[in-house]
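Novice: Below is the file final.csv, with CSV, C-alpha atoms.
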chain,number,residue,atom,x,y,z
A,12,MET,CA,103.6,212.8,160.9
A,13,ARG,CA,104.5,213.4,157.2
A,14,ASP,CA,101.8,211.0,156.0
A,15,GLN,CA,99.3,212.6,158.4
A,16,ILE,CA,100.1,216.0,157.0
A,17,LEU,CA,99.7,214.8,153.4
A,18,ALA,CA,96.4,213.1,154.2
A,19,THR,CA,95.0,216.2,156.0
A,20,ALA,CA,96.2,218.5,153.2
A,21,ILE,CA,94.4,216.4,150.7
A,22,GLU,CA,91.2,216.7,152.8
A,23,VAL,CA,91.6,220.5,153.0
A,24,ILE,CA,92.3,220.7,149.2
A,25,ASN,CA,89.2,218.7,148.4
A,26,GLU,CA,87.2,221.1,150.6
A,27,SER,CA,88.7,224.5,149.7
A,28,GLY,CA,90.9,224.0,146.6
A,29,PHE,CA,94.6,224.9,146.4
A,30,ARG,CA,93.9,228.3,148.0
A,31,PHE,CA,94.4,226.9,151.5
A,32,THR,CA,97.2,228.4,153.7
A,33,MET,CA,99.7,226.6,155.8
A,34,SER,CA,98.0,228.2,158.8
A,35,ASP,CA,94.8,226.5,157.8
A,36,LEU,CA,96.7,223.2,157.9
A,37,VAL,CA,98.3,223.9,161.2
A,38,LYS,CA,94.8,224.5,162.8
A,39,ARG,CA,93.4,221.4,161.3
A,40,LEU,CA,96.3,219.2,162.5
A,41,SER,CA,96.6,221.0,165.9
A,42,ILE,CA,100.3,221.2,165.5
A,43,SER,CA,102.8,224.1,165.5
A,44,LYS,CA,104.1,225.8,162.4
A,45,SER,CA,107.6,224.7,163.2
A,46,THR,CA,106.4,221.0,163.1
A,47,LEU,CA,104.8,221.6,159.7
A,48,TYR,CA,107.7,223.4,158.2
A,49,ALA,CA,110.1,220.7,159.5
A,50,HIS,CA,108.5,218.4,157.0
A,51,PHE,CA,107.6,220.8,154.2
A,52,LYS,CA,109.4,224.1,153.8
A,53,SER,CA,106.7,225.7,151.8
A,54,LYS,CA,103.2,225.3,150.4
A,55,GLU,CA,104.7,224.7,147.0
A,56,GLU,CA,106.8,221.8,148.3
A,57,LEU,CA,103.7,220.3,150.0
A,58,VAL,CA,101.6,220.5,146.9
A,59,GLY,CA,104.5,218.9,144.9
A,60,ALA,CA,104.5,216.0,147.4
A,61,ILE,CA,100.8,215.5,147.0
A,62,VAL,CA,101.1,215.5,143.2
A,63,ASP,CA,104.1,213.1,143.4
A,64,LEU,CA,102.0,210.8,145.7
A,65,SER,CA,99.1,210.8,143.4
A,66,LEU,CA,101.2,210.0,140.3
A,67,ALA,CA,103.1,207.3,142.2
A,68,ASN,CA,99.8,205.6,143.2
A,69,VAL,CA,98.6,205.7,139.6
A,70,ARG,CA,101.9,204.4,138.2
A,71,GLN,CA,101.8,201.5,140.7
A,72,GLN,CA,98.3,200.6,139.7
A,73,GLU,CA,99.3,200.7,136.0
A,74,LYS,CA,102.3,198.6,136.6
A,75,SER,CA,100.2,195.9,138.4
A,76,ILE,CA,97.8,195.8,135.4
A,77,LEU,CA,100.5,195.6,132.8
A,78,GLU,CA,102.2,192.7,134.7
A,79,ASN,CA,99.0,190.8,135.4
A,80,ASP,CA,99.3,187.7,133.2
A,81,THR,CA,95.7,186.7,133.8
A,82,LEU,CA,94.5,189.7,131.7
A,83,ASN,CA,94.5,189.7,127.9
A,84,ALA,CA,95.5,192.9,125.9
A,85,ALA,CA,91.9,194.1,125.7
A,86,GLU,CA,91.3,193.7,129.4
A,87,LYS,CA,94.5,195.4,130.3
A,88,LEU,CA,93.7,198.3,127.9
A,89,LYS,CA,90.3,198.9,129.5
A,90,ALA,CA,91.7,198.7,133.0
A,91,ILE,CA,94.7,201.0,132.4
A,92,THR,CA,92.6,203.6,130.5
A,93,ALA,CA,90.2,204.0,133.5
A,94,ILE,CA,93.1,204.8,135.9
A,95,TYR,CA,94.1,208.4,135.5
A,96,PRO,CA,95.1,211.3,137.8
A,97,PRO,CA,93.7,213.0,139.7
A,98,MET,CA,93.3,210.0,142.1
A,99,THR,CA,93.9,211.6,145.4
A,100,VAL,CA,92.3,215.1,144.8
A,101,SER,CA,88.9,215.8,143.3
A,102,VAL,CA,88.5,216.9,139.7
A,103,ARG,CA,86.8,220.0,140.9
A,104,VAL,CA,90.1,221.5,142.1
A,105,MET,CA,92.4,220.4,139.3
A,106,HIS,CA,91.9,223.6,137.4
A,107,ASP,CA,93.4,225.4,140.4
A,108,LEU,CA,96.5,223.2,140.2
A,109,LYS,CA,96.9,224.1,136.6
A,110,ARG,CA,96.5,227.8,137.3
A,111,TYR,CA,98.5,228.3,140.5
A,112,PHE,CA,101.0,225.4,140.3
A,113,PRO,CA,101.8,225.0,136.6
A,114,LYS,CA,105.1,223.1,137.3
A,115,GLU,CA,103.2,220.5,139.2
A,116,TRP,CA,100.5,220.3,136.5
A,117,GLU,CA,103.3,219.6,134.0
A,118,LYS,CA,104.1,216.4,135.9
A,119,GLY,CA,100.7,215.1,135.1
A,120,GLU,CA,101.1,216.1,131.5
A,121,GLN,CA,104.4,214.1,131.4
A,122,HIS,CA,102.5,211.1,132.8
A,123,ARG,CA,99.9,211.4,130.1
A,124,ILE,CA,102.7,210.9,127.5
A,125,GLU,CA,104.0,207.9,129.5
A,126,LYS,CA,100.5,206.5,129.7
A,127,TRP,CA,99.9,206.8,126.0
A,128,ASN,CA,103.1,204.9,125.3
A,129,ALA,CA,101.7,202.0,127.4
A,130,ILE,CA,98.3,202.2,125.8
A,131,GLU,CA,99.9,202.2,122.3
A,132,SER,CA,102.0,199.2,123.2
A,133,LEU,CA,98.9,197.3,124.4
A,134,ILE,CA,97.0,198.2,121.2
A,135,LYS,CA,99.8,196.9,119.1
A,136,GLN,CA,99.9,193.7,121.2
A,137,GLY,CA,96.1,193.4,120.8
A,138,ILE,CA,96.3,193.9,117.0
A,139,LYS,CA,98.9,191.2,116.7
A,140,ALA,CA,96.8,188.8,118.9
A,141,GLY,CA,93.7,189.6,116.9
A,142,TYR,CA,91.8,191.3,119.6
A,143,PHE,CA,91.8,194.7,117.8
A,144,ARG,CA,91.6,195.7,114.1
A,145,PRO,CA,94.5,197.8,112.8
A,146,VAL,CA,93.8,201.5,113.4
A,147,ASP,CA,95.6,204.9,113.0
A,148,LEU,CA,97.3,205.3,116.4
A,149,THR,CA,98.0,208.9,115.8
A,150,ILE,CA,94.3,209.7,115.3
A,151,LEU,CA,93.4,207.5,118.3
A,152,ASN,CA,96.0,209.4,120.4
A,153,ILE,CA,94.3,212.7,119.5
A,154,ILE,CA,90.9,211.3,120.4
A,155,HIS,CA,92.0,209.9,123.7
A,156,ASN,CA,94.1,212.8,124.9
A,157,GLY,CA,91.5,215.3,123.7
A,158,THR,CA,88.8,213.5,125.7
A,159,VAL,CA,91.0,213.4,128.8
A,160,LYS,CA,91.9,217.1,128.4
A,161,GLU,CA,88.2,218.1,128.0
A,162,LEU,CA,87.2,216.1,131.1
A,163,MET,CA,90.0,217.7,133.2
A,164,ASP,CA,89.2,221.2,131.9
A,165,ASP,CA,85.4,221.0,132.5
A,166,LYS,CA,85.1,221.3,136.3
A,167,ASP,CA,81.2,221.3,136.1
A,168,PHE,CA,80.9,218.1,134.0
A,169,PHE,CA,81.2,215.7,136.9
A,170,ILE,CA,78.8,217.7,139.1
A,171,HIS,CA,76.1,217.9,136.5
A,172,ASN,CA,76.5,214.2,135.4
A,173,SER,CA,77.0,212.7,138.9
A,174,LEU,CA,80.1,210.9,137.7
A,175,SER,CA,83.5,210.4,139.2
A,176,PHE,CA,86.6,210.7,137.1
A,177,TYR,CA,87.1,206.9,137.3
A,178,ASP,CA,83.5,206.3,136.1
A,179,ALA,CA,84.0,208.7,133.2
A,180,MET,CA,87.2,207.1,132.1
A,181,ASN,CA,85.6,203.7,132.3
A,182,LYS,CA,83.0,204.9,129.8
A,183,VAL,CA,85.8,206.3,127.6
A,184,ALA,CA,87.6,203.0,127.7
A,185,ASP,CA,84.4,201.2,126.8
A,186,ILE,CA,83.8,203.4,123.8
A,187,LEU,CA,87.4,203.3,122.6
A,188,LEU,CA,87.3,199.5,122.8
A,189,TRP,CA,83.9,198.7,121.3
A,190,GLY,CA,82.8,201.9,119.6
A,191,ILE,CA,79.0,202.2,119.0
A,192,MET,CA,78.4,198.9,117.3
A,193,ASN,CA,76.1,196.3,118.8
A,194,PRO,CA,78.2,193.6,120.6
A,195,ASP,CA,77.4,191.1,117.9
A,196,GLY,CA,77.7,193.6,115.1
A,197,SER,CA,74.2,193.0,113.9
A,198,GLU,CA,71.3,195.4,113.2
A,199,SER,CA,68.2,195.3,115.3
A,200,GLU,CA,66.1,194.6,112.1
A,201,PRO,CA,67.0,193.9,108.5
A,202,ARG,CA,68.4,196.9,106.7
A,203,SER,CA,66.0,196.4,103.8
A,204,SER,CA,62.9,196.7,106.0
A,205,GLN,CA,64.4,199.9,107.5
A,206,VAL,CA,64.9,201.4,104.1
A,207,LEU,CA,61.3,200.4,103.1
A,208,THR,CA,59.9,202.0,106.3
A,209,GLU,CA,61.8,205.2,105.6
A,210,ALA,CA,60.6,205.3,101.9
A,211,GLU,CA,57.0,204.7,103.0
A,212,SER,CA,57.3,207.6,105.5
A,213,TYR,CA,58.2,210.0,102.8
A,214,GLU,CA,55.2,209.0,100.7
A,215,THR,CA,52.7,209.6,103.4
What is this structure when it is put down as structure tokens?
Specialist:
Amino acid sequence: MRDQILATAIEVINESGFRFTMSDLVKRLSISKSTLYAHFKSKEELVGAIVDLSLANVRQQEKSILENDTLNAAEKLKAITAIYPPMTVSVRVMHDLKRYFPKEWEKGEQHRIEKWNAIESLIKQGIKAGYFRPVDLTILNIIHNGTVKELMDDKDFFIHNSLSFYDAMNKVADILLWGIMNPDGSESEPRSSQVLTEAESYET
């Protein structure tokens, strides 16, 4: 019953946000309030269980990636960057979590620190193996965390761009790994001809 309550609560949250009531949940589940409160003493405890479940799922996925010996450092870095809470609730309602349940939101912030430690370790491994060039990890941390924070704070971004959080983080991982250079690092045409074309355009 506990798992069923959690699954139904996630459905309700994705539909209505964190403003749902325990009575709403009782009606959806067709159970008594005593049954619900036997598993969760309060709405706060229920929300905490959902956050814990989400983070546990993410940590398990990250652990599987880090322990996968078939992936090199670059592949692990891209895979682990794309996995990020929220995984069980939609991004549209995450701002409600931050507003109404700040203690639960802080759990996600703590995970972000843990995640960066794993990312930093992978980057160092990749630099040592020659997959990556040496970079300022402090600046990279600011860029990465700033991007994640911006995505989480902008509740309309995913609606307007028809993206899931996973899709967005895949794009972030791709840009962090490869930047904006062409894959082979070459220009589409010789630089000298580009300069000549630009010079000619100013003369006309």
Novice: Within 12 Å of range 139-147 of chain A, which residues of range 33-126 of chain A show up? Give each one with its shortest atom-to-atom distance in Å (one decimal) and the two atoms involved, counting all atoms listed in the file, rows by chain then rising residue number, as a Markdown table.
Specialist:
| residue | atom | partner | partner_atom | distance |
| --- | --- | --- | --- | --- |
| A:Asn83 | CA | A:Tyr142 | CA | 8.9 |
| A:Ala84 | CA | A:Tyr142 | CA | 7.5 |
| A:Ala85 | CA | A:Tyr142 | CA | 6.7 |
| A:Glu86 | CA | A:Tyr142 | CA | 10.1 |
| A:Lys87 | CA | A:Tyr142 | CA | 11.8 |
| A:Leu88 | CA | A:Phe143 | CA | 10.9 |
Novice: What is the distance, in Å and to one decimal place, between CA of Leu77 in chain A and CA of Val58 in chain A?
Specialist: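 About the pair CA of Leu77 in chain A and CA of Val58 in chain A: they are 28.6 Å apart.
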Novice: Using all atoms listed in the file for the distances, tell me which of A:Met163, A:Leu188, A:Ala49, A:Ile124 is nearest to Gly137 in chain A.
Specialist: A:Leu188
Novice: To one decimal place in Å, what is the distance between CA of Ile94 in chain A and CA of Asn68 in chain A?
Specialist: 9.9 Å
Novice: Between A:Ala90, A:Ala60, A:Ala129, A:Leu17, which residue has the minimum interatomic distance to Lys182 in chain A, considering all atoms listed in the file?
Specialist: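 Between A:Ala90, A:Ala60, A:Ala129, A:Leu17, the residue approaching Lys182 in chain A most closely is A:Ala90.
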Novice: So which one's closest to Thr19 in chain A, A:Leu40, A:Ile170, A:Ala67, A:Ser34? Using only C-alpha atoms, please.
Specialist: A:Leu40
Novice: In Å, how far is it from CA of Lys44 in chain A to CA of Glu22 in chain A?
Specialist: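 Rounded to one decimal, the two atoms are 18.5 Å apart.
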Novice: Which is closer to Ala18 in chain A than all the others in A:Ile61, A:Glu120, A:Tyr111, A:Phe176, using all atoms listed in the file?
Specialist: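 Under the stated criterion, the closest residue is A:Ile61.
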Novice: With only C-alpha atoms as the atoms that count, which of A:Glu115, A:Glu125, A:Asp178, A:Glu26 lies nearest to Asp63 in chain A?
Specialist: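 Smallest separation from Asp63 in chain A among the options: A:Glu115.
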Novice: With distances taken over all atoms listed in the file, which residue among A:Asn25, A:Gln15, A:Gln71, A:Thr158 lies nearest Thr46 in chain A?
Specialist: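 Distance minimum relative to Thr46 in chain A lands on A:Gln15.
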Novice: For Leu148 in chain A, work out the shell of residues within 9 Å, counting only C-alpha atoms and skipping chain neighbours fewer than 5 positions away, then give it as a list in words.
Specialist: Glu131, Ile134 and Ile153 of chain A
